[in-house]
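Structure data follow from work_1.txt (compact mmCIF, C-alpha atoms):
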# COMPACT_ATOMS: atom_id res chain seq x y z
CA ASN A 365 110.79 93.45 85.02
CA ASP A 366 107.27 94.59 85.82
CA GLU A 367 107.07 93.46 89.42
CA GLN A 368 109.55 95.48 91.46
CA VAL A 369 108.73 94.45 94.99
CA LEU A 370 106.68 91.57 96.30
CA ALA A 371 105.38 91.57 99.82
CA SER A 372 103.83 88.60 101.48
CA CYS A 373 102.04 88.68 104.80
CA VAL A 374 100.99 85.76 106.96
CA SER A 375 99.37 86.39 110.33
CA LEU A 376 101.50 85.40 113.31
CA CYS A 377 104.22 83.70 111.33
CA PRO A 378 107.66 82.95 112.88
CA LYS A 379 110.88 83.98 111.17
CA PRO A 380 112.60 81.04 109.41
CA GLU A 381 116.29 80.20 109.37
CA GLU A 382 116.63 79.00 105.78
CA PRO A 383 113.53 80.00 103.79
CA ASP A 384 112.89 79.39 100.12
CA LEU A 385 110.47 81.26 97.90
CA GLN A 386 108.36 78.40 96.65
CA SER A 387 107.62 76.95 100.08
CA TYR A 388 107.32 80.26 101.94
CA GLY A 389 103.59 79.88 102.50
CA GLU A 390 103.98 76.35 103.83
CA HIS A 391 106.85 76.61 106.28
CA GLU A 392 106.44 80.14 107.67
CA THR A 393 102.75 80.05 108.44
CA SER A 394 101.50 79.92 112.00
CA SER A 395 99.21 76.99 112.75
CA VAL A 396 96.44 79.50 113.62
CA ALA A 397 96.65 81.69 110.48
CA SER A 398 93.42 81.43 108.48
CA ARG A 399 94.43 83.64 105.54
CA LYS A 400 97.61 84.67 103.77
CA PHE A 401 98.14 87.76 101.65
CA LEU A 402 100.19 88.54 98.56
CA LEU A 403 100.98 92.20 97.88
CA TYR A 404 102.83 93.36 94.79
CA ASP A 405 104.32 96.50 93.29
CA VAL A 406 105.57 97.70 89.91
CA LYS A 407 108.68 99.61 88.93
CA MET A 408 108.52 103.30 89.75
CA GLY A 409 107.60 105.37 86.70
CA GLU A 410 105.54 102.72 84.89
CA GLY A 411 102.37 104.05 83.27
CA PHE A 412 98.73 103.34 83.97
CA ASN A 413 98.23 100.61 81.36
CA LEU A 414 101.18 98.51 82.48
CA GLN A 415 100.17 98.75 86.13
CA ARG A 416 96.67 97.65 85.19
CA GLU A 417 98.00 94.68 83.21
CA VAL A 418 100.04 93.37 86.15
CA PHE A 419 96.82 92.71 88.12
CA PRO A 420 95.71 89.62 86.11
CA ARG A 421 99.26 88.25 86.14
CA MET A 422 99.43 88.43 89.91
CA GLY A 423 95.89 87.05 90.05
CA TRP A 424 97.17 83.99 88.21
CA VAL A 425 99.97 83.62 90.78
CA VAL A 426 97.48 83.68 93.67
CA TRP A 427 95.11 81.31 91.87
CA THR A 428 98.01 78.88 91.36
CA LEU A 429 99.04 79.12 95.02
CA ASN A 430 95.49 78.38 96.14
CA ALA A 431 95.21 75.44 93.75
CA LYS A 432 98.34 73.93 95.30
CA VAL A 433 97.02 74.60 98.81
CA LYS A 434 93.82 72.69 98.06
CA GLU A 435 95.79 69.89 96.41
CA HIS A 436 97.82 69.39 99.58
CA CYS A 437 94.93 69.93 101.99
CA GLY A 438 92.25 67.54 100.84
CA GLY A 439 90.49 69.95 98.50
CA LYS A 440 89.63 72.58 101.12
CA TYR A 441 91.16 75.50 102.98
CA GLY A 442 91.98 75.50 106.66
CA LEU A 443 94.60 76.89 109.03
CA GLY A 444 98.36 77.26 108.74
CA ARG A 445 99.73 75.78 105.51
CA CYS A 446 96.13 75.17 104.37
CA ALA A 447 95.15 78.85 104.67
CA GLU A 448 93.79 80.54 101.55
CA TRP A 449 95.81 83.24 99.77
CA ALA A 450 94.26 86.65 98.96
CA LEU A 451 95.56 89.21 96.45
CA VAL A 452 95.95 92.76 97.74
CA LEU A 453 95.77 95.52 95.11
CA PRO A 454 98.35 98.30 95.48
CA PRO A 455 96.82 101.78 95.76
CA TRP A 456 97.27 104.19 92.86
CA CYS A 457 99.61 106.96 93.94
CA TRP A 458 102.25 108.74 91.88
CA LEU A 459 101.81 108.12 88.14
CA ALA A 460 104.36 109.44 85.64
CA HIS A 461 101.88 110.62 83.00
CA TRP A 462 99.19 111.87 85.34
CA ARG A 463 101.45 114.00 87.57
CA THR A 464 99.52 112.82 90.60
CA GLY A 465 100.58 113.08 94.24
CA THR A 466 101.23 110.44 96.89
CA ALA A 467 97.70 110.15 98.30
CA HIS A 468 96.15 106.68 98.11
CA VAL A 469 93.57 106.19 95.34
CA PRO A 470 91.71 102.84 95.52
CA TRP A 471 91.01 100.75 92.43
CA ARG A 472 87.24 101.13 92.90
CA GLU A 473 87.54 104.80 91.88
CA LEU A 474 88.96 103.80 88.49
CA PHE A 475 87.28 100.48 87.77
CA VAL A 476 83.90 98.83 88.36
CA PRO A 477 84.18 97.17 91.82
CA ASP A 478 82.05 94.17 90.82
CA ALA A 479 84.34 93.50 87.87
CA LEU A 480 87.41 93.54 90.13
CA ARG A 481 85.84 90.98 92.43
CA SER A 482 84.60 88.73 89.65
CA ALA A 483 87.94 86.90 89.61
CA LYS A 484 87.92 83.39 91.03
CA LEU A 485 90.13 84.37 93.95
CA PRO A 486 89.93 86.73 96.95
CA VAL A 487 90.82 90.31 95.91
CA MET A 488 91.21 93.17 98.41
CA GLU A 489 91.90 96.88 98.28
CA PHE A 490 95.01 97.95 100.21
CA GLU A 491 92.92 99.88 102.75
CA GLU A 492 90.86 96.75 103.43
CA TYR A 493 94.07 94.84 104.03
CA THR A 494 95.46 97.38 106.47
CA LYS A 495 92.23 97.28 108.48
CA GLU A 496 92.36 93.49 108.66
CA VAL A 497 95.99 93.22 109.78
CA GLY A 498 96.13 96.44 111.82
CA GLY A 499 98.32 98.68 109.69
CA ALA A 500 100.44 99.11 106.56
CA ARG A 501 102.77 96.25 107.42
CA VAL A 502 103.80 92.86 106.09
CA ASP A 503 105.99 90.06 107.38
CA VAL A 504 108.46 90.17 104.50
CA VAL A 505 109.25 92.39 101.51
CA ILE A 506 111.09 90.85 98.58
CA SER A 507 113.02 92.52 95.79
CA HIS A 508 114.45 90.26 93.12
CA THR A 509 117.31 89.96 90.68
CA ASP A 510 118.18 87.61 87.81
CA GLN A 511 121.86 88.56 87.88
CA ARG A 512 124.52 85.89 88.40
CA ILE A 513 125.05 85.53 92.14
CA PRO A 514 127.77 83.09 93.32
CA LYS A 515 126.38 80.05 95.14
CA GLU A 516 128.32 80.85 98.29
CA GLN A 517 126.51 84.19 98.50
CA ARG A 518 122.97 82.76 98.42
CA HIS A 519 121.01 79.94 100.03
CA GLY A 520 117.70 78.09 99.70
CA GLN A 521 117.88 77.26 95.98
CA ARG A 522 114.91 75.30 94.65
CA GLY A 523 113.85 74.83 91.03
CA GLY A 524 113.78 78.11 89.14
CA PHE A 525 114.29 80.02 92.37
CA TYR A 526 118.03 80.40 92.93
CA GLY A 527 117.76 81.29 96.61
CA TRP A 528 118.06 84.26 98.94
CA CYS A 529 121.08 86.56 98.78
CA ARG A 530 123.01 86.72 102.02
CA SER A 531 123.24 90.46 101.45
CA ARG A 532 120.12 92.40 100.48
CA GLU A 533 122.24 94.93 98.55
CA MET A 534 122.98 92.26 95.91
CA CYS A 535 119.63 93.25 94.40
CA GLY A 536 120.41 96.27 92.28
CA ASN A 537 116.77 97.38 92.14
CA LEU A 538 116.13 98.03 95.83
CA VAL A 539 113.49 100.66 96.46
CA PRO A 540 114.16 103.47 98.99
CA HIS A 541 114.09 102.05 102.51
CA ASP A 542 115.15 103.03 106.01
CA PHE A 543 115.46 101.04 109.22
CA ASN A 544 113.63 102.30 112.29
CA GLU A 545 115.64 101.22 115.32
CA ALA A 546 112.84 102.03 117.76
CA HIS A 547 110.34 99.77 115.99
CA GLY A 548 112.85 97.21 114.73
CA ALA A 549 111.40 97.39 111.22
CA TRP A 550 112.16 98.64 107.72
CA LYS A 551 110.03 101.38 106.17
CA VAL A 552 109.92 100.57 102.44
CA GLU A 553 108.61 102.81 99.67
CA TYR A 554 105.51 101.24 98.16
CA SER A 555 103.28 101.65 95.11
CA GLY A 556 104.53 104.88 93.58
CA ALA A 557 105.80 106.46 96.79
CA CYS A 558 102.42 106.21 98.50
CA GLU A 559 102.08 108.14 101.74
CA GLY A 560 103.42 106.14 104.67
CA GLY A 561 105.06 103.37 102.65
CA ILE A 562 104.94 99.90 104.12
CA SER A 563 106.62 98.49 107.22
CA THR A 564 108.36 95.11 107.54
CA PRO A 565 110.83 93.43 109.91
CA ASP A 566 112.34 91.47 107.01
CA TYR A 567 113.52 92.88 103.64
CA ARG A 568 115.16 90.27 101.36
CA CYS A 569 116.74 89.90 97.93
CA GLY A 570 115.62 86.82 96.01
CA VAL A 571 117.47 85.41 92.99
CA LEU A 572 115.36 84.23 90.02
CA SER A 573 116.48 82.15 87.07
CA SER A 574 116.95 83.89 83.73
CA HIS A 575 117.52 82.98 80.10
CA LEU A 576 121.27 83.07 80.78
CA SER A 577 123.01 79.79 81.56
CA ARG A 578 124.61 79.57 84.98

Kindly transcribe the structure held in the file into C-alpha cells.
Amino acid sequence: NDEQVLASCVSLCPKPEEPDLQSYGEHETSSVASRKFLLYDVKMGEGFNLQREVFPRMGWVVWTLNAKVKEHCGGKYGLGRCAEWALVLPPWCWLAHWRTGTAHVPWRELFVPDALRSAKLPVMEFEEYTKEVGGARVDVVISHTDQRIPKEQRHGQRGGFYGWCRSREMCGNLVPHDFNEAHGAWKVEYSGACEGGISTPDYRCGVLSSHLSR
C-alpha cells in the first residue's frame, strides 16, 4: 500500500472512547476548532515519482471530506464538525534513489508553488502546519492493515472500515516509534525519517477491508 501512516490533527479535540475512522472528524472535534488537518506518509523506500503521485490521491480524500462537511452543514464551513479540512504535504527527506539526508525539503523547492495551491482545497507545507499548531504534533497517528483480524480483537466497524485493533501491534507495518514518559506522547518516524519525527498522544492500528472475503 502507498500510504503507510495517516495522521489527523484537530485543534483541541477530546479523546474518544469508541472512535471509528469514517466519523473521526465529526465526533472528535472540539466545538471551537475552525480547521482540521490531514497529514499522510508513504512507505519508507518509495521513490520520488510514487511519492509525488500520492499527493492528488490524498487531495481527493480531503476534497471528499470537505464536500461531506458542507453537505451536513448547510453548504458552508464553521466550527467543530463543520470545520474545513486542509491537506498537509509531508516534507521530502530521505529518498532511496537520491541518497538524501533527513533534513526537511519543502515541496516549493521542487514544484511551482502556484501549481501546488491551484487545487480546489486548502494545501499546506509541513512547516506551515507546525507553525499554526505549535509544533510537529498531531492528535492521532494511524497505521493500517487489511489482514484478517478477529472481531473480538477490534471495535468500531463501519462500512469498509473494519474498526480499530485493540492492540496497535496487530498492524504489521508499524513505523519506528518510542513512547516518551515525560511528555506522555509517542514519537513516530515520519516522511522518510525526517529530523524530529512527529509527536502524538495516540497511535492506532486501523483495519481496512480488502478483496478477501471475511

### Task
Kindly indicate which residue among A:Asp478, A:Trp471, A:Val425, A:Pro454 lies nearest to Asp405 of chain A, using all atoms listed in the file for the distances.
A:Pro454

#### Entry: Nearest to Lys407 of chain A by atom-to-atom distance, counting only C-alpha atoms, from A:Gly556, A:Pro565, A:Gly570, A:Ala500
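Checking each candidate against Lys407 of chain A, we get A:Gly556 as the closest.
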
Please report, as lines of an AutoDock Vina configuration file, the centre and edge lengths in Å to one decimal of an axis-aligned box covering all listed atoms of segment 489-494 of chain A with 6 Å per side.
center_x = 93.2
center_y = 97.4
center_z = 102.4
size_x = 16.6
size_y = 17.0
size_z = 20.2

### Task
Fewer than 3 positions away in the same chain doesn't count, so skip those; otherwise give me all residues within 12 Å of Asn430 of chain A, counting all atoms listed in the file, as a PyMOL selection string.
chain A and resi 389-390+399-402+423-427+433-437+439-442+445-451+484-486

Selection from above, C-alpha atoms, as a compact mmCIF listing (two decimals), in the coordinates of the input, can you write it?
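Saved to part14.txt:
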# COMPACT_ATOMS: atom_id res chain seq x y z
CA GLY A 389 103.59 79.88 102.50
CA GLU A 390 103.98 76.35 103.83
CA ARG A 399 94.43 83.64 105.54
CA LYS A 400 97.61 84.67 103.77
CA PHE A 401 98.14 87.76 101.65
CA LEU A 402 100.19 88.54 98.56
CA GLY A 423 95.89 87.05 90.05
CA TRP A 424 97.17 83.99 88.21
CA VAL A 425 99.97 83.62 90.78
CA VAL A 426 97.48 83.68 93.67
CA TRP A 427 95.11 81.31 91.87
CA VAL A 433 97.02 74.60 98.81
CA LYS A 434 93.82 72.69 98.06
CA GLU A 435 95.79 69.89 96.41
CA HIS A 436 97.82 69.39 99.58
CA CYS A 437 94.93 69.93 101.99
CA GLY A 439 90.49 69.95 98.50
CA LYS A 440 89.63 72.58 101.12
CA TYR A 441 91.16 75.50 102.98
CA GLY A 442 91.98 75.50 106.66
CA ARG A 445 99.73 75.78 105.51
CA CYS A 446 96.13 75.17 104.37
CA ALA A 447 95.15 78.85 104.67
CA GLU A 448 93.79 80.54 101.55
CA TRP A 449 95.81 83.24 99.77
CA ALA A 450 94.26 86.65 98.96
CA LEU A 451 95.56 89.21 96.45
CA LYS A 484 87.92 83.39 91.03
CA LEU A 485 90.13 84.37 93.95
CA PRO A 486 89.93 86.73 96.95

Contact table segment 445-564 of chain A vs segment 410-417 of chain A, cut-off 12 Å, shortest pair per residue, all atoms listed in the file, as JSON lines:
{"residue": "A:Leu453", "atom": "CA", "partner": "A:Arg416", "partner_atom": "CA", "distance": 10.2}
{"residue": "A:Pro454", "atom": "CA", "partner": "A:Gln415", "partner_atom": "CA", "distance": 9.5}
{"residue": "A:Pro455", "atom": "CA", "partner": "A:Gln415", "partner_atom": "CA", "distance": 10.6}
{"residue": "A:Trp456", "atom": "CA", "partner": "A:Phe412", "partner_atom": "CA", "distance": 9.0}
{"residue": "A:Cys457", "atom": "CA", "partner": "A:Phe412", "partner_atom": "CA", "distance": 10.6}
{"residue": "A:Trp458", "atom": "CA", "partner": "A:Glu410", "partner_atom": "CA", "distance": 9.8}
{"residue": "A:Leu459", "atom": "CA", "partner": "A:Gly411", "partner_atom": "CA", "distance": 6.4}
{"residue": "A:Ala460", "atom": "CA", "partner": "A:Gly411", "partner_atom": "CA", "distance": 6.2}
{"residue": "A:His461", "atom": "CA", "partner": "A:Gly411", "partner_atom": "CA", "distance": 6.6}
{"residue": "A:Trp462", "atom": "CA", "partner": "A:Phe412", "partner_atom": "CA", "distance": 8.7}
{"residue": "A:Arg463", "atom": "CA", "partner": "A:Gly411", "partner_atom": "CA", "distance": 10.9}
{"residue": "A:Thr464", "atom": "CA", "partner": "A:Phe412", "partner_atom": "CA", "distance": 11.6}
{"residue": "A:Trp471", "atom": "CA", "partner": "A:Arg416", "partner_atom": "CA", "distance": 9.7}
{"residue": "A:Leu474", "atom": "CA", "partner": "A:Arg416", "partner_atom": "CA", "distance": 10.4}
{"residue": "A:Phe475", "atom": "CA", "partner": "A:Arg416", "partner_atom": "CA", "distance": 10.1}
{"residue": "A:Leu480", "atom": "CA", "partner": "A:Arg416", "partner_atom": "CA", "distance": 11.3}
{"residue": "A:Ser555", "atom": "CA", "partner": "A:Gln415", "partner_atom": "CA", "distance": 9.9}
{"residue": "A:Gly556", "atom": "CA", "partner": "A:Glu410", "partner_atom": "CA", "distance": 9.0}

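Taking all atoms listed in the file into account, Leu403 of chain A lies nearest to A:Tyr554 out of the set A:Arg522, A:Arg481, A:Tyr554, A:Glu545.
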
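Going from atom CA of Ser398 of chain A to atom CA of Ile562 of chain A covers 22.2 Å.
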
### Message
Rounded to one decimal, what separation in Å do you get between atom CA of Cys535 of chain A and atom CA of Cys569 of chain A?
### Response
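Atom-to-atom, atom CA of Cys535 of chain A and atom CA of Cys569 of chain A are spaced 5.7 Å apart.
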
### Query
atom CA of Ser531 of chain A and atom CA of His519 of chain A, how far apart in Å?
10.8 Å

### Query
Pick from A:Met422, A:Gly560, A:Asp510, A:Gly499: nearest to Thr466 of chain A, with only C-alpha atoms counted?
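Closest to Thr466 of chain A, using only C-alpha atoms: A:Gly560.
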
### Message
For a quick check of understanding, using only C-alpha atoms, which of A:Gly409, A:Pro477, A:Pro470, A:Gly520 has the smallest distance to Glu491 of chain A?
### Response
A:Pro470

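Comparing A:Ala557, A:Ala431, A:Val396, A:Val539 by their smallest distance to Val505 of chain A, the closest is A:Val539 (using only C-alpha atoms).
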
#### Entry: Polymer residues at most 10 Å from (112.3, 93.2, 110.7) by all atoms listed in the file, as an MDAnalysis selection string
chainID A and resid 379 502:505 543:545 547:551 563:567

Repaired coordinates for segment 448-467 of chain A (N, CA and C atoms) as a short mmCIF file (atom, residue, chain, number, x, y, z; two decimals), in the frame of the given file:
data_model
loop_
_atom_site.label_atom_id
_atom_site.label_comp_id
_atom_site.auth_asym_id
_atom_site.auth_seq_id
_atom_site.Cartn_x
_atom_site.Cartn_y
_atom_site.Cartn_z
N GLU A 448 94.00 80.02 102.89
CA GLU A 448 93.79 80.54 101.55
C GLU A 448 94.59 81.83 101.35
N TRP A 449 95.11 82.01 100.13
CA TRP A 449 95.81 83.24 99.77
C TRP A 449 94.82 84.26 99.21
N ALA A 450 95.05 85.54 99.51
CA ALA A 450 94.26 86.65 98.96
C ALA A 450 95.21 87.63 98.28
N LEU A 451 94.76 88.22 97.18
CA LEU A 451 95.56 89.21 96.45
C LEU A 451 95.17 90.60 96.91
N VAL A 452 96.18 91.39 97.29
CA VAL A 452 95.95 92.76 97.74
C VAL A 452 96.39 93.72 96.63
N LEU A 453 95.48 94.57 96.18
CA LEU A 453 95.77 95.52 95.11
C LEU A 453 96.51 96.73 95.64
N PRO A 454 97.62 97.11 95.02
CA PRO A 454 98.35 98.30 95.48
C PRO A 454 97.57 99.56 95.16
N PRO A 455 97.54 100.53 96.06
CA PRO A 455 96.82 101.78 95.76
C PRO A 455 97.49 102.53 94.62
N TRP A 456 96.73 103.35 93.92
CA TRP A 456 97.27 104.19 92.86
C TRP A 456 97.76 105.48 93.50
N CYS A 457 99.03 105.73 93.37
CA CYS A 457 99.61 106.96 93.94
C CYS A 457 100.27 107.74 92.81
N TRP A 458 101.57 107.93 92.88
CA TRP A 458 102.25 108.74 91.88
C TRP A 458 102.30 108.02 90.54
N LEU A 459 101.77 108.67 89.49
CA LEU A 459 101.81 108.12 88.14
C LEU A 459 102.54 109.11 87.23
N ALA A 460 103.48 108.59 86.45
CA ALA A 460 104.36 109.44 85.64
C ALA A 460 103.59 110.35 84.70
N HIS A 461 102.57 109.83 84.02
CA HIS A 461 101.88 110.62 83.00
C HIS A 461 100.74 111.46 83.57
N TRP A 462 100.32 111.14 84.77
CA TRP A 462 99.19 111.87 85.34
C TRP A 462 99.62 113.00 86.26
N ARG A 463 100.91 112.99 86.66
CA ARG A 463 101.45 114.00 87.57
C ARG A 463 100.62 114.07 88.86
N THR A 464 100.31 112.90 89.38
CA THR A 464 99.52 112.82 90.60
C THR A 464 100.43 112.91 91.82
N GLY A 465 99.82 112.99 93.01
CA GLY A 465 100.58 113.08 94.24
C GLY A 465 100.78 111.71 94.87
N THR A 466 100.94 111.69 96.19
CA THR A 466 101.23 110.44 96.89
C THR A 466 100.04 109.94 97.71
N ALA A 467 98.89 110.60 97.58
CA ALA A 467 97.70 110.15 98.30
C ALA A 467 97.19 108.84 97.70
#
